[in-house]
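Novice: The structure file structure01.cif (mmCIF, C-alpha atoms and all ligand atoms) is provided below.
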data_target
#
loop_
_atom_site.label_atom_id
_atom_site.label_comp_id
_atom_site.auth_asym_id
_atom_site.auth_seq_id
_atom_site.Cartn_x
_atom_site.Cartn_y
_atom_site.Cartn_z
CA MET A 16 -14.70 12.20 8.48
CA LEU A 17 -12.26 10.00 10.33
CA PRO A 18 -9.79 8.09 8.17
CA THR A 19 -9.61 4.35 7.69
CA PRO A 20 -6.44 3.13 9.44
CA ALA A 21 -3.53 1.77 7.44
CA GLN A 22 -2.39 -1.83 7.81
CA THR A 23 0.76 -3.57 6.61
CA ILE A 24 0.94 -4.75 3.01
CA GLY A 25 2.06 -8.15 4.43
CA PRO A 26 4.28 -10.65 2.62
CA PHE A 27 1.88 -11.93 -0.04
CA HIS A 28 1.24 -8.95 -2.33
CA GLY A 29 3.51 -10.31 -5.05
CA HIS A 30 0.78 -11.91 -7.14
CA ALA A 31 -1.56 -8.93 -6.77
CA LEU A 32 0.21 -5.59 -7.05
CA PRO A 33 3.33 -5.81 -9.25
CA PHE A 34 2.56 -5.72 -12.98
CA PRO A 35 4.65 -6.08 -16.13
CA GLY A 36 6.29 -2.78 -16.99
CA GLY A 37 5.46 -1.39 -13.56
CA PRO A 38 9.03 -0.27 -12.87
CA GLU A 39 9.38 1.33 -16.35
CA PRO A 40 7.24 4.44 -16.80
CA ALA A 41 9.68 5.66 -19.48
CA PRO A 42 8.60 4.75 -23.02
CA PRO A 43 11.08 2.16 -24.36
CA GLY A 44 14.07 3.73 -26.08
CA HIS A 45 13.25 7.26 -24.95
CA PRO A 46 16.54 9.19 -25.14
CA ASP A 47 15.99 10.96 -21.81
CA THR A 48 15.39 7.79 -19.84
CA LEU A 49 16.95 7.81 -16.40
CA THR A 50 17.43 4.81 -14.13
CA VAL A 51 17.12 5.10 -10.38
CA HIS A 52 18.02 2.03 -8.39
CA GLY A 53 18.95 0.97 -4.89
CA THR A 54 18.36 -1.39 -2.01
CA VAL A 55 15.82 -1.28 0.80
CA LEU A 56 17.59 -2.06 4.09
CA ASP A 57 16.32 -2.65 7.62
CA GLY A 58 17.78 -1.42 10.91
CA ALA A 59 20.33 -4.26 10.96
CA GLY A 60 21.49 -3.43 7.44
CA ALA A 61 19.76 -6.51 6.03
CA PRO A 62 17.97 -6.28 2.69
CA VAL A 63 14.17 -6.12 2.73
CA PRO A 64 13.04 -8.61 0.08
CA ASP A 65 9.30 -8.05 0.44
CA ALA A 66 8.94 -4.30 0.02
CA LEU A 67 6.93 -2.56 -2.67
CA LEU A 68 7.89 0.89 -3.93
CA GLU A 69 5.65 3.25 -5.83
CA LEU A 70 6.88 6.20 -7.84
CA TRP A 71 4.92 9.33 -8.70
CA GLN A 72 6.21 12.38 -10.55
CA PRO A 73 5.27 15.20 -12.91
CA ALA A 74 5.82 14.60 -16.62
CA PRO A 75 8.92 16.20 -18.17
CA ASP A 76 6.76 19.16 -19.28
CA GLY A 77 5.72 19.76 -15.65
CA SER A 78 2.23 18.39 -16.10
CA ARG A 79 0.90 16.77 -12.93
CA THR A 80 -2.31 15.26 -14.26
CA GLY A 81 -0.81 11.83 -14.88
CA ALA A 82 -2.43 9.55 -17.44
CA PRO A 83 -4.15 6.17 -17.40
CA GLY A 84 -2.44 3.15 -18.89
CA SER A 85 0.14 2.09 -16.32
CA LEU A 86 -1.52 -1.34 -15.97
CA ARG A 87 -2.89 -1.47 -19.53
CA ARG A 88 -4.74 -4.71 -20.15
CA ASP A 89 -5.38 -6.96 -23.10
CA PRO A 90 -9.15 -7.29 -23.45
CA ALA A 91 -8.84 -10.56 -25.38
CA THR A 92 -6.67 -12.52 -22.94
CA GLY A 93 -7.35 -10.55 -19.76
CA GLY A 94 -3.58 -10.37 -19.28
CA PHE A 95 -1.34 -7.35 -19.22
CA ALA A 96 -0.75 -5.64 -22.55
CA GLY A 97 2.04 -3.48 -21.15
CA ARG A 98 2.29 0.29 -21.39
CA ASP A 99 1.49 1.70 -24.82
CA GLY A 100 5.07 2.91 -25.39
CA LEU A 101 3.97 6.52 -25.89
CA THR A 102 2.03 7.76 -22.89
CA PHE A 103 3.91 8.88 -19.81
CA THR A 104 1.67 8.02 -16.83
CA GLY A 105 3.94 9.38 -14.09
CA PHE A 106 3.31 6.25 -12.03
CA GLY A 107 5.57 3.27 -11.42
CA ARG A 108 5.54 0.30 -9.09
CA ALA A 109 8.48 -1.98 -8.26
CA ALA A 110 8.78 -4.88 -5.83
CA THR A 111 12.16 -5.48 -4.24
CA ASP A 112 13.95 -8.68 -5.25
CA ALA A 113 15.44 -11.32 -2.93
CA ASP A 114 18.41 -8.99 -2.32
CA GLY A 115 16.16 -6.04 -1.48
CA ARG A 116 17.03 -4.37 -4.79
CA TRP A 117 14.75 -2.27 -6.98
CA ALA A 118 15.04 -0.06 -10.06
CA PHE A 119 12.84 2.39 -11.95
CA ARG A 120 13.42 3.58 -15.50
CA THR A 121 11.64 6.87 -15.93
CA LEU A 122 11.84 10.33 -17.46
CA PRO A 123 13.12 13.49 -15.76
CA PRO A 124 10.45 15.16 -13.62
CA GLY A 125 9.36 18.60 -14.86
CA GLY A 126 9.22 21.57 -12.50
CA VAL A 127 10.56 19.79 -9.41
CA PRO A 128 13.98 18.20 -8.79
CA TYR A 129 12.63 15.05 -7.20
CA LEU A 130 10.75 11.80 -7.72
CA SER A 131 8.23 10.90 -5.02
CA LEU A 132 8.36 7.43 -3.51
CA CYS A 133 5.95 5.55 -1.29
CA VAL A 134 7.36 2.55 0.59
CA PHE A 135 5.33 -0.46 1.70
CA ALA A 136 6.67 -3.62 3.37
CA ARG A 137 5.84 -6.51 5.60
CA GLY A 138 6.59 -5.28 9.13
CA LEU A 139 5.74 -1.71 8.15
CA LEU A 140 2.29 -0.99 9.55
CA HIS A 141 1.87 2.32 7.73
CA HIS A 142 3.55 3.28 4.48
CA LEU A 143 6.35 5.85 4.31
CA PHE A 144 6.87 8.68 1.83
CA THR A 145 10.26 9.89 0.73
CA ARG A 146 11.78 11.77 -2.22
CA VAL A 147 14.61 10.95 -4.58
CA TYR A 148 16.37 14.25 -5.33
CA LEU A 149 18.28 14.17 -8.60
CA PRO A 150 21.55 16.11 -8.94
CA GLY A 151 21.15 19.38 -10.79
CA PRO A 152 20.06 22.97 -10.34
CA GLY A 153 17.16 23.63 -8.01
CA LEU A 154 18.47 21.73 -5.01
CA ALA A 155 20.07 24.76 -3.34
CA ASP A 156 16.76 26.51 -2.69
CA ASP A 157 14.53 23.47 -2.23
CA PRO A 158 12.43 24.16 0.89
CA LEU A 159 12.62 20.59 2.19
CA LEU A 160 16.36 20.09 1.63
CA THR A 161 17.38 23.45 3.05
CA GLY A 162 15.58 22.68 6.31
CA LEU A 163 17.60 19.51 6.95
CA ASP A 164 21.02 19.17 8.51
CA PRO A 165 23.64 17.94 6.00
CA GLU A 166 23.76 14.37 7.28
CA ARG A 167 20.04 13.86 6.98
CA ARG A 168 19.82 15.80 3.71
CA ALA A 169 22.32 13.36 2.18
CA THR A 170 19.84 10.50 2.56
CA LEU A 171 17.54 12.21 0.00
CA LEU A 172 20.21 12.83 -2.64
CA ALA A 173 20.57 10.31 -5.44
CA THR A 174 24.14 9.81 -6.59
CA GLU A 175 25.04 9.37 -10.22
CA THR A 176 26.67 6.04 -10.97
CA ALA A 177 28.33 4.57 -14.02
CA GLY A 178 26.28 2.96 -16.73
CA GLY A 179 23.68 4.66 -18.83
CA ALA A 180 20.02 3.75 -19.14
CA GLY A 181 20.00 4.36 -22.86
CA PRO A 182 21.30 6.86 -25.36
CA GLY A 183 22.27 9.85 -23.22
CA GLY A 184 20.53 8.37 -20.20
CA ARG A 185 21.83 8.58 -16.67
CA THR A 186 21.84 6.16 -13.76
CA TYR A 187 21.41 7.11 -10.11
CA ARG A 188 21.67 5.20 -6.88
CA PHE A 189 19.28 5.76 -3.98
CA ASP A 190 19.28 3.37 -1.03
CA ILE A 191 16.39 3.36 1.41
CA ARG A 192 17.26 2.68 5.05
CA LEU A 193 14.14 2.13 7.13
CA GLN A 194 16.09 2.50 10.38
CA GLY A 195 19.59 3.04 11.70
CA PRO A 196 22.53 5.44 11.42
CA LYS A 197 21.84 6.63 7.86
CA GLU A 198 18.07 6.32 8.18
CA THR A 199 16.31 7.82 5.18
CA VAL A 200 14.31 11.00 5.76
CA PHE A 201 10.62 10.12 5.58
CA LEU A 202 7.96 12.74 5.10
CA ASP A 203 4.74 13.83 6.73
CA PHE A 204 2.45 15.87 4.48
CA ARG A 205 0.37 18.28 6.52
CA MET B 8 12.20 -18.90 22.65
CA PRO B 9 9.36 -17.40 20.67
CA ALA B 10 6.70 -15.53 22.59
CA ASP B 11 3.43 -17.28 23.27
CA GLN B 12 -0.01 -15.76 22.93
CA GLN B 13 -0.04 -14.71 26.60
CA ASP B 14 3.16 -12.69 26.18
CA ILE B 15 1.69 -11.00 23.12
CA ALA B 16 -1.60 -10.36 24.94
CA ARG B 17 0.28 -8.60 27.74
CA GLU B 18 2.20 -6.46 25.27
CA ILE B 19 -0.98 -5.59 23.35
CA ALA B 20 -2.72 -4.59 26.61
CA ALA B 21 0.23 -2.44 27.70
CA ARG B 22 0.26 -0.57 24.39
CA ALA B 23 -3.51 -0.08 24.49
CA GLU B 24 -3.29 1.35 28.01
CA ALA B 25 -0.45 3.66 27.10
CA ALA B 26 -2.34 4.94 24.06
CA ALA B 27 -5.53 5.51 26.09
CA ALA B 28 -3.61 7.36 28.83
CA ASP B 29 -1.89 9.51 26.22
CA GLY B 30 -5.28 10.62 24.90
CA ARG B 31 -3.90 11.80 21.54
CA PRO B 32 -6.21 10.58 18.76
CA ARG B 33 -4.41 7.87 16.78
CA HIS B 34 -6.08 6.97 13.53
CA HIS B 35 -3.21 4.90 12.20
CA PRO B 36 -0.97 2.27 13.78
CA ASP B 37 2.35 3.32 15.26
CA ARG B 38 5.07 1.96 13.02
CA ASP B 39 6.92 0.92 16.16
CA TYR B 40 4.62 -1.76 17.57
CA PRO B 41 6.62 -4.52 19.35
CA PRO B 42 3.81 -7.13 19.54
CA TYR B 43 4.13 -7.34 15.73
CA ARG B 44 7.70 -8.58 15.80
CA SER B 45 8.64 -7.65 12.24
CA THR B 46 8.23 -3.95 13.03
CA ALA B 47 11.36 -4.02 15.24
CA LEU B 48 13.90 -3.33 12.49
CA ARG B 49 11.54 -1.82 9.93
CA HIS B 50 10.29 1.37 11.56
CA PRO B 51 12.12 4.69 11.37
CA ARG B 52 13.41 6.01 14.69
CA GLN B 53 13.71 9.59 13.47
CA PRO B 54 10.53 11.65 13.46
CA LEU B 55 8.91 12.18 10.05
CA VAL B 56 9.86 15.51 8.50
CA PRO B 57 6.83 17.75 7.90
CA VAL B 58 6.21 19.03 4.37
CA LEU B 59 3.97 22.08 4.16
CA ASP B 60 4.72 22.98 0.54
CA PRO B 61 1.51 23.66 -1.43
CA GLU B 62 3.53 23.02 -4.61
CA ALA B 63 4.50 19.52 -3.52
CA ALA B 64 4.19 17.05 -6.40
CA GLU B 65 2.57 14.62 -3.96
CA LEU B 66 -0.58 16.78 -3.88
CA SER B 67 -1.38 15.39 -7.31
CA GLY B 68 -1.41 11.68 -8.01
CA PRO B 69 -1.61 8.85 -10.50
CA VAL B 70 -4.80 8.18 -12.45
CA PHE B 71 -6.17 4.99 -13.92
CA GLY B 72 -8.83 4.27 -16.47
CA ARG B 73 -10.80 1.67 -18.40
CA THR B 74 -7.66 0.54 -20.14
CA ASP B 75 -6.13 -0.57 -16.81
CA LEU B 76 -8.85 -3.17 -16.14
CA THR B 77 -10.84 -5.91 -17.72
CA ASP B 78 -14.53 -6.46 -17.09
CA LEU B 79 -13.83 -9.57 -15.04
CA ASP B 80 -11.29 -8.07 -12.69
CA HIS B 81 -13.85 -7.28 -10.00
CA ASP B 82 -15.15 -10.88 -9.86
CA LEU B 83 -12.60 -13.19 -8.25
CA THR B 84 -14.95 -16.18 -8.65
CA ARG B 85 -14.98 -16.13 -12.48
CA ARG B 86 -11.32 -16.15 -13.35
CA HIS B 87 -10.86 -19.87 -13.78
CA SER B 88 -12.70 -22.73 -15.44
CA SER B 89 -14.76 -23.53 -12.33
CA ALA B 90 -15.98 -21.65 -9.31
CA PRO B 91 -13.68 -21.52 -6.27
CA LEU B 92 -14.54 -23.34 -3.07
CA GLY B 93 -15.89 -21.24 -0.22
CA GLU B 94 -18.65 -18.91 0.82
CA ARG B 95 -19.42 -16.55 -2.09
CA ILE B 96 -19.59 -12.91 -0.94
CA THR B 97 -20.07 -9.44 -2.34
CA VAL B 98 -17.99 -6.67 -0.79
CA THR B 99 -18.98 -3.12 -1.62
CA GLY B 100 -18.75 0.37 -0.21
CA ARG B 101 -17.72 3.93 -0.96
CA VAL B 102 -14.29 5.50 -1.07
CA LEU B 103 -14.44 9.01 0.39
CA ASP B 104 -12.02 11.76 1.32
CA ARG B 105 -12.01 13.33 4.76
CA ALA B 106 -14.51 15.96 3.64
CA GLY B 107 -16.89 13.12 2.73
CA ARG B 108 -16.54 13.66 -1.01
CA PRO B 109 -16.53 10.51 -3.14
CA VAL B 110 -13.25 9.48 -4.74
CA THR B 111 -14.38 8.73 -8.28
CA GLY B 112 -12.77 6.73 -11.09
CA GLN B 113 -9.89 5.57 -8.93
CA LEU B 114 -8.21 2.21 -8.72
CA VAL B 115 -9.05 -0.26 -5.93
CA GLU B 116 -6.99 -3.45 -5.75
CA ILE B 117 -7.55 -6.42 -3.43
CA TRP B 118 -5.78 -9.66 -2.60
CA GLN B 119 -6.64 -12.41 -0.16
CA ALA B 120 -6.20 -16.02 0.94
CA ASN B 121 -8.54 -18.73 -0.32
CA ALA B 122 -11.31 -20.26 1.78
CA ALA B 123 -8.79 -22.57 3.46
CA GLY B 124 -6.51 -19.71 4.47
CA ARG B 125 -3.84 -20.23 1.83
CA TYR B 126 -2.44 -17.60 -0.55
CA ALA B 127 -1.64 -18.49 -4.13
CA HIS B 128 1.87 -17.22 -3.39
CA GLU B 129 5.09 -19.18 -3.58
CA ARG B 130 6.20 -18.15 -0.10
CA ASP B 131 2.96 -19.14 1.65
CA GLN B 132 3.85 -22.51 3.15
CA HIS B 133 0.73 -22.99 5.27
CA PRO B 134 -0.20 -26.65 4.70
CA ALA B 135 -3.76 -25.84 3.66
CA PRO B 136 -4.96 -26.73 0.16
CA LEU B 137 -4.48 -24.42 -2.79
CA ASP B 138 -7.61 -23.93 -4.86
CA PRO B 139 -6.91 -24.21 -8.60
CA ASN B 140 -9.95 -22.01 -9.20
CA PHE B 141 -8.88 -19.16 -6.98
CA THR B 142 -5.99 -16.73 -7.38
CA GLY B 143 -7.34 -14.19 -4.92
CA THR B 144 -6.57 -10.90 -6.66
CA GLY B 145 -9.02 -8.31 -7.99
CA ARG B 146 -9.28 -4.74 -9.26
CA CYS B 147 -11.97 -2.22 -9.98
CA LEU B 148 -12.46 1.50 -10.50
CA THR B 149 -14.74 3.48 -8.20
CA ASP B 150 -17.84 4.79 -9.99
CA ASP B 151 -19.11 8.38 -10.05
CA GLN B 152 -20.41 7.95 -6.49
CA GLY B 153 -17.11 6.53 -5.25
CA VAL B 154 -18.56 3.02 -5.06
CA TYR B 155 -16.38 -0.08 -5.49
CA ARG B 156 -17.72 -3.61 -5.71
CA PHE B 157 -16.11 -7.06 -5.66
CA THR B 158 -17.46 -10.59 -5.82
CA THR B 159 -15.19 -13.11 -4.12
CA ILE B 160 -15.21 -15.83 -1.48
CA LYS B 161 -14.73 -15.38 2.23
CA PRO B 162 -11.04 -15.93 3.03
CA GLY B 163 -9.98 -18.33 5.78
CA ALA B 164 -7.93 -17.49 8.85
CA TYR B 165 -4.29 -18.52 8.60
CA PRO B 166 -1.33 -19.10 10.91
CA TRP B 167 1.82 -16.99 10.84
CA ARG B 168 5.09 -17.09 12.71
CA ASN B 169 4.88 -13.92 14.80
CA HIS B 170 4.59 -15.99 17.98
CA THR B 171 3.54 -19.50 18.96
CA ASN B 172 -0.03 -20.19 17.83
CA ALA B 173 -0.37 -16.88 15.98
CA TRP B 174 -3.39 -16.75 13.64
CA ARG B 175 -4.55 -13.91 11.44
CA PRO B 176 -8.28 -13.20 11.49
CA ALA B 177 -9.88 -13.52 8.05
CA HIS B 178 -9.13 -10.37 6.05
CA ILE B 179 -8.98 -8.93 2.56
CA HIS B 180 -6.04 -6.66 1.69
CA PHE B 181 -7.13 -3.39 0.03
CA SER B 182 -5.02 -0.90 -1.94
CA LEU B 183 -6.51 2.52 -2.70
CA PHE B 184 -5.62 5.70 -4.53
CA GLY B 185 -7.11 9.16 -3.93
CA THR B 186 -6.77 12.31 -5.98
CA ALA B 187 -3.37 12.99 -4.38
CA PHE B 188 -0.43 10.65 -3.84
CA THR B 189 -0.56 11.67 -0.16
CA GLN B 190 -3.93 9.90 0.12
CA ARG B 191 -2.45 6.54 -0.82
CA LEU B 192 -3.68 3.77 1.46
CA ILE B 193 -3.01 0.07 1.87
CA THR B 194 -5.06 -1.58 4.57
CA GLN B 195 -7.02 -4.72 5.47
CA MET B 196 -10.75 -5.33 5.77
CA TYR B 197 -11.95 -7.70 8.49
CA PHE B 198 -15.20 -9.62 8.96
CA PRO B 199 -17.54 -8.80 11.85
CA GLY B 200 -17.44 -10.84 15.05
CA ASP B 201 -14.19 -12.70 14.38
CA PRO B 202 -12.95 -14.29 17.64
CA LEU B 203 -9.34 -13.79 16.53
CA PHE B 204 -9.48 -9.97 16.66
CA ARG B 205 -8.16 -9.63 20.19
CA HIS B 206 -5.31 -12.06 19.55
CA ASP B 207 -4.01 -10.35 16.41
CA PRO B 208 -1.19 -7.82 16.85
CA ILE B 209 -1.66 -6.42 13.33
CA LEU B 210 -5.27 -5.40 13.95
CA GLN B 211 -4.48 -4.39 17.55
CA SER B 212 -1.69 -2.12 16.31
CA VAL B 213 -4.56 0.30 15.75
CA THR B 214 -4.82 1.11 19.44
CA ASP B 215 -7.93 3.32 19.32
CA PRO B 216 -10.98 1.00 19.50
CA ALA B 217 -13.08 3.34 17.34
CA ALA B 218 -10.41 3.43 14.65
CA ARG B 219 -10.07 -0.34 14.83
CA ALA B 220 -13.82 -0.68 14.31
CA ARG B 221 -13.44 1.23 11.04
CA LEU B 222 -11.47 -1.75 9.68
CA VAL B 223 -14.38 -4.15 10.17
CA ALA B 224 -17.02 -4.55 7.45
CA ALA B 225 -20.73 -4.81 8.30
CA TYR B 226 -22.82 -7.75 7.23
CA ASP B 227 -25.64 -6.24 5.14
CA HIS B 228 -28.54 -8.56 4.48
CA ASP B 229 -29.90 -6.24 1.78
CA LEU B 230 -26.68 -6.87 -0.18
CA SER B 231 -27.06 -10.61 0.04
CA VAL B 232 -28.33 -12.13 -3.20
CA PRO B 233 -30.93 -14.91 -2.77
CA GLU B 234 -29.57 -18.37 -3.61
CA TRP B 235 -26.19 -16.82 -4.47
CA SER B 236 -24.06 -14.72 -2.10
CA LEU B 237 -23.73 -12.93 1.24
CA GLY B 238 -23.18 -9.19 1.32
CA TYR B 239 -20.70 -7.05 3.25
CA ARG B 240 -20.47 -3.28 3.28
CA TRP B 241 -17.27 -1.41 4.03
CA ASP B 242 -16.71 2.30 3.44
CA ILE B 243 -13.17 3.65 3.25
CA VAL B 244 -12.06 7.18 4.14
CA LEU B 245 -8.70 8.25 2.73
CA ASP B 246 -6.45 10.37 4.91
CA GLY B 247 -4.18 13.08 3.59
CA PRO B 248 -3.06 16.59 4.31
CA ALA B 249 -5.72 19.21 4.89
CA ALA B 250 -5.03 20.64 1.43
CA THR B 251 -6.50 17.52 -0.17
CA TRP B 252 -9.85 17.82 1.55
CA THR B 253 -10.51 21.34 2.83
CA GLU B 254 -10.09 23.22 -0.46
CA GLU B 255 -13.15 23.31 -2.65
CA GLY B 256 -12.79 21.99 -6.13
CA ARG B 257 -9.55 20.15 -5.69
FE FE A 301 -2.96 -11.49 4.63
#
What does the file become when written as structure tokens?
Specialist:
Amino acid sequence: MLPTPAQTIGPFHGHALPFPGGPEPAPPGHPDTLTVHGTVLDGAGAPVPDALLELWQPAPDGSRTGAPGSLRRDPATGGFAGRDGLTFTGFGRAATDADGRWAFRTLPPGGVPYLSLCVFARGLLHHLFTRVYLPGPGLADDPLLTGLDPERRATLLATETAGGAGPGGRTYRFDIRLQGPKETVFLDFR
Amino acid sequence: MPADQQDIAREIAARAEAAAADGRPRHHPDRDYPPYRSTALRHPRQPLVPVLDPEAAELSGPVFGRTDLTDLDHDLTRRHSSAPLGERITVTGRVLDRAGRPVTGQLVEIWQANAAGRYAHERDQHPAPLDPNFTGTGRCLTDDQGVYRFTTIKPGAYPWRNHTNAWRPAHIHFSLFGTAFTQRLITQMYFPGDPLFRHDPILQSVTDPAARARLVAAYDHDLSVPEWSLGYRWDIVLDGPAATWTEEGR
């Protein structure tokens, strides 16, 4: 069957898609919590304040089944109850702020060295996929990274920055450039 | 000086001609589509890098369940003390993969303007009235046949600043998940026969007329409820790499 075409997310998704706890798949206080943060920038280097990022990853044990409960609701009030603090759903959603900044607090992915990101924005007619590669073993023989020239490969590598996410946690920076000299590598799954 | 509608019409026609001459089937919009001005600095210039890895994490995806919804989420007309103004409608259809298999138990999210063409969003400055009884957001899970269903009101057309006298045709924004992250889709559903279609660079960014038609719902009289609401049917087919729809049992 022929696919339904994509259309831009537009500027007015802010009251519909973001949800409390969306950017924090990691259970609160989890000792392995890692923070990934950055800025979404356009081809002029200006921040993109109306982008939405989604994160998907295997659980730390390598499980890829995910789990419900990212948007857990309160049946009494109809509002958001927040994540249950125990289940790792593998899914996160973060809107960029007025400075184009975003952050996820999550757990290390099991079995792969990367977090998967999907980027939506006003002015972007069709979403873009990319990957946040975390420093560590497993990057040297990654089939995607090894096929890229060094300059382009660098756009997929998160860099560790100061400041911990929690006890023992680490913080990484990953900027997303939609266009321009250090344009992020975006992916086409075939 | 901002472009006027005639400038945009010329650019839309040029892109349509180029796409038709090229002959390559284009199901999705090109990210570089100058008639939609905001694409200029927001599309990558480098080609996308192919990923052929059958172990890619993106071939699995997030799941949602009963706990992620309330029973009222699918009815945008019952979320406030009174009913919203506007034409009450039901929108329903099936979510399928490219093999025609239903996508079951997955999250569908919608958002839209009110009947006057105004979003309940801080940054929407269109001087049309807000409706205190309409927020314009909804969610549901597809059932075991892949069917989603929403009750809402028909949104109004609204102006935007792409060019002088730019108006968006009435539309509902849809967000969909498949069984793989690669099937993720955000799109817009349009209403049949809207005279604004040919003026709208966002819809026209889908340059193949057949693909564009797949964004337009059908009025279905059998879905209309006597003395209550009008019915629209719109089926959605999620794209994705061949691995997500050619393998049995995935
Ligand atoms: Fe809209």
Novice: Hey, which residues come within 9 Å of ligand FE 301 (chain A) if we count only C-alpha atoms and all ligand atoms? Could you give them as a short mmCIF file (atom, residue, chain, number, x, y, z; two decimals) with C-alpha atoms, keeping the file's coordinate frame?
Specialist:
data_model
loop_
_atom_site.label_atom_id
_atom_site.label_comp_id
_atom_site.auth_asym_id
_atom_site.auth_seq_id
_atom_site.Cartn_x
_atom_site.Cartn_y
_atom_site.Cartn_z
CA THR A 23 0.76 -3.57 6.61
CA ILE A 24 0.94 -4.75 3.01
CA GLY A 25 2.06 -8.15 4.43
CA PRO A 26 4.28 -10.65 2.62
CA PHE A 27 1.88 -11.93 -0.04
CA HIS A 28 1.24 -8.95 -2.33
CA TRP B 118 -5.78 -9.66 -2.60
CA GLN B 119 -6.64 -12.41 -0.16
CA ALA B 120 -6.20 -16.02 0.94
CA GLY B 124 -6.51 -19.71 4.47
CA TYR B 126 -2.44 -17.60 -0.55
CA ALA B 164 -7.93 -17.49 8.85
CA TYR B 165 -4.29 -18.52 8.60
CA ARG B 175 -4.55 -13.91 11.44
CA PRO B 176 -8.28 -13.20 11.49
CA ALA B 177 -9.88 -13.52 8.05
CA HIS B 178 -9.13 -10.37 6.05
CA ILE B 179 -8.98 -8.93 2.56
CA HIS B 180 -6.04 -6.66 1.69
CA GLN B 195 -7.02 -4.72 5.47
#
Novice: Rounded to one decimal place, report the atom CA of A:Arg205-atom CA of B:Arg146 distance in Å.
Specialist: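 About the pair atom CA of A:Arg205 and atom CA of B:Arg146: they are 29.5 Å apart.
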Novice: Could you work out which residues of chain B fall inside 7 Å of chain A? Count all atoms listed in the file, and format the result as number ranges by chain.
Specialist: B: 34-36, 38, 45-46, 48-52, 55-59, 64-65, 67-72, 74-77, 105-107, 118, 128, 144, 189, 192-195, 218, 221-222, 243-246, 248-249
Novice: With only C-alpha atoms as the atoms that count, which of A:Gly125, A:Val147, A:Gly36, A:Lys197 lies nearest to A:Glu166?
Specialist: A:Lys197
Novice: Distance table requested - stretch 78-114 of chain B against stretch 232-238 of chain B, cut-off 8 Å, all atoms listed in the file: one row per qualifying residue with the closest atom pair and its distance in Å to one decimal, ordered by chain and rising residue number, as CSV.
Specialist:
residue,atom,partner,partner_atom,distance
B:Glu94,CA,B:Ser236,CA,7.4
B:Arg95,CA,B:Ser236,CA,5.0
B:Ile96,CA,B:Leu237,CA,4.7
B:Thr97,CA,B:Gly238,CA,4.8
B:Val98,CA,B:Gly238,CA,6.1
B:Thr99,CA,B:Gly238,CA,7.9
Novice: What does the structure give for the distance between atom CA of B:Asn121 and atom CA of B:Ser231, in Å to one decimal?
Specialist: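 Here the two named atoms are 20.2 Å from each other.
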Novice: Taking into account all atoms listed in the file, which residue in the set A:Pro128, A:Pro35, A:Gly184, A:Pro123 is nearest to A:Ala109?
Specialist: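 The answer is A:Pro35, which sits nearest to A:Ala109.
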Novice: Considering only C-alpha atoms, state which residue in the set B:Phe184, B:Arg168, B:Arg205, B:Glu18 is at the smallest distance from B:Asp131.
Specialist: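 Looking only at the distances to B:Asp131, the closest residue turns out to be B:Arg168.
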Novice: What does the structure give for the distance between atom CA of B:Ala123 and atom CA of B:Trp241, in Å to one decimal?
Specialist: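 Separation between atom CA of B:Ala123 and atom CA of B:Trp241: 22.8 Å.
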Novice: Name the residues in contact with A:Glu175 at a cut-off of 8 Å, using only C-alpha atoms, excluding same-chain residues fewer than 3 positions from it; report them as a list in words.
Specialist: Pro150, Arg185, Thr186, Tyr187 and Arg188 of chain A
Novice: Ranking B:Asp227, B:Asp242, B:Asp215, B:Asp207 by minimum distance to B:Ile19 and counting only C-alpha atoms, which one comes first?
Specialist: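 Answer, going by the shortest atom-to-atom distance: B:Asp207.
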Novice: Between A:Pro33, A:Gly100, A:Pro42, A:Gly153, which one has atoms that come closest to A:Asp112, using all atoms listed in the file?
Specialist: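 For A:Asp112, the nearest of the candidates is A:Pro33.
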Novice: Using all atoms listed in the file, which of the listed residues (A:Leu67, A:Ile191, A:Leu149, A:Ala110) sits closest to A:Thr174?
Specialist: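 Going through A:Leu67, A:Ile191, A:Leu149, A:Ala110 one by one, the smallest distance to A:Thr174 is for A:Leu149.
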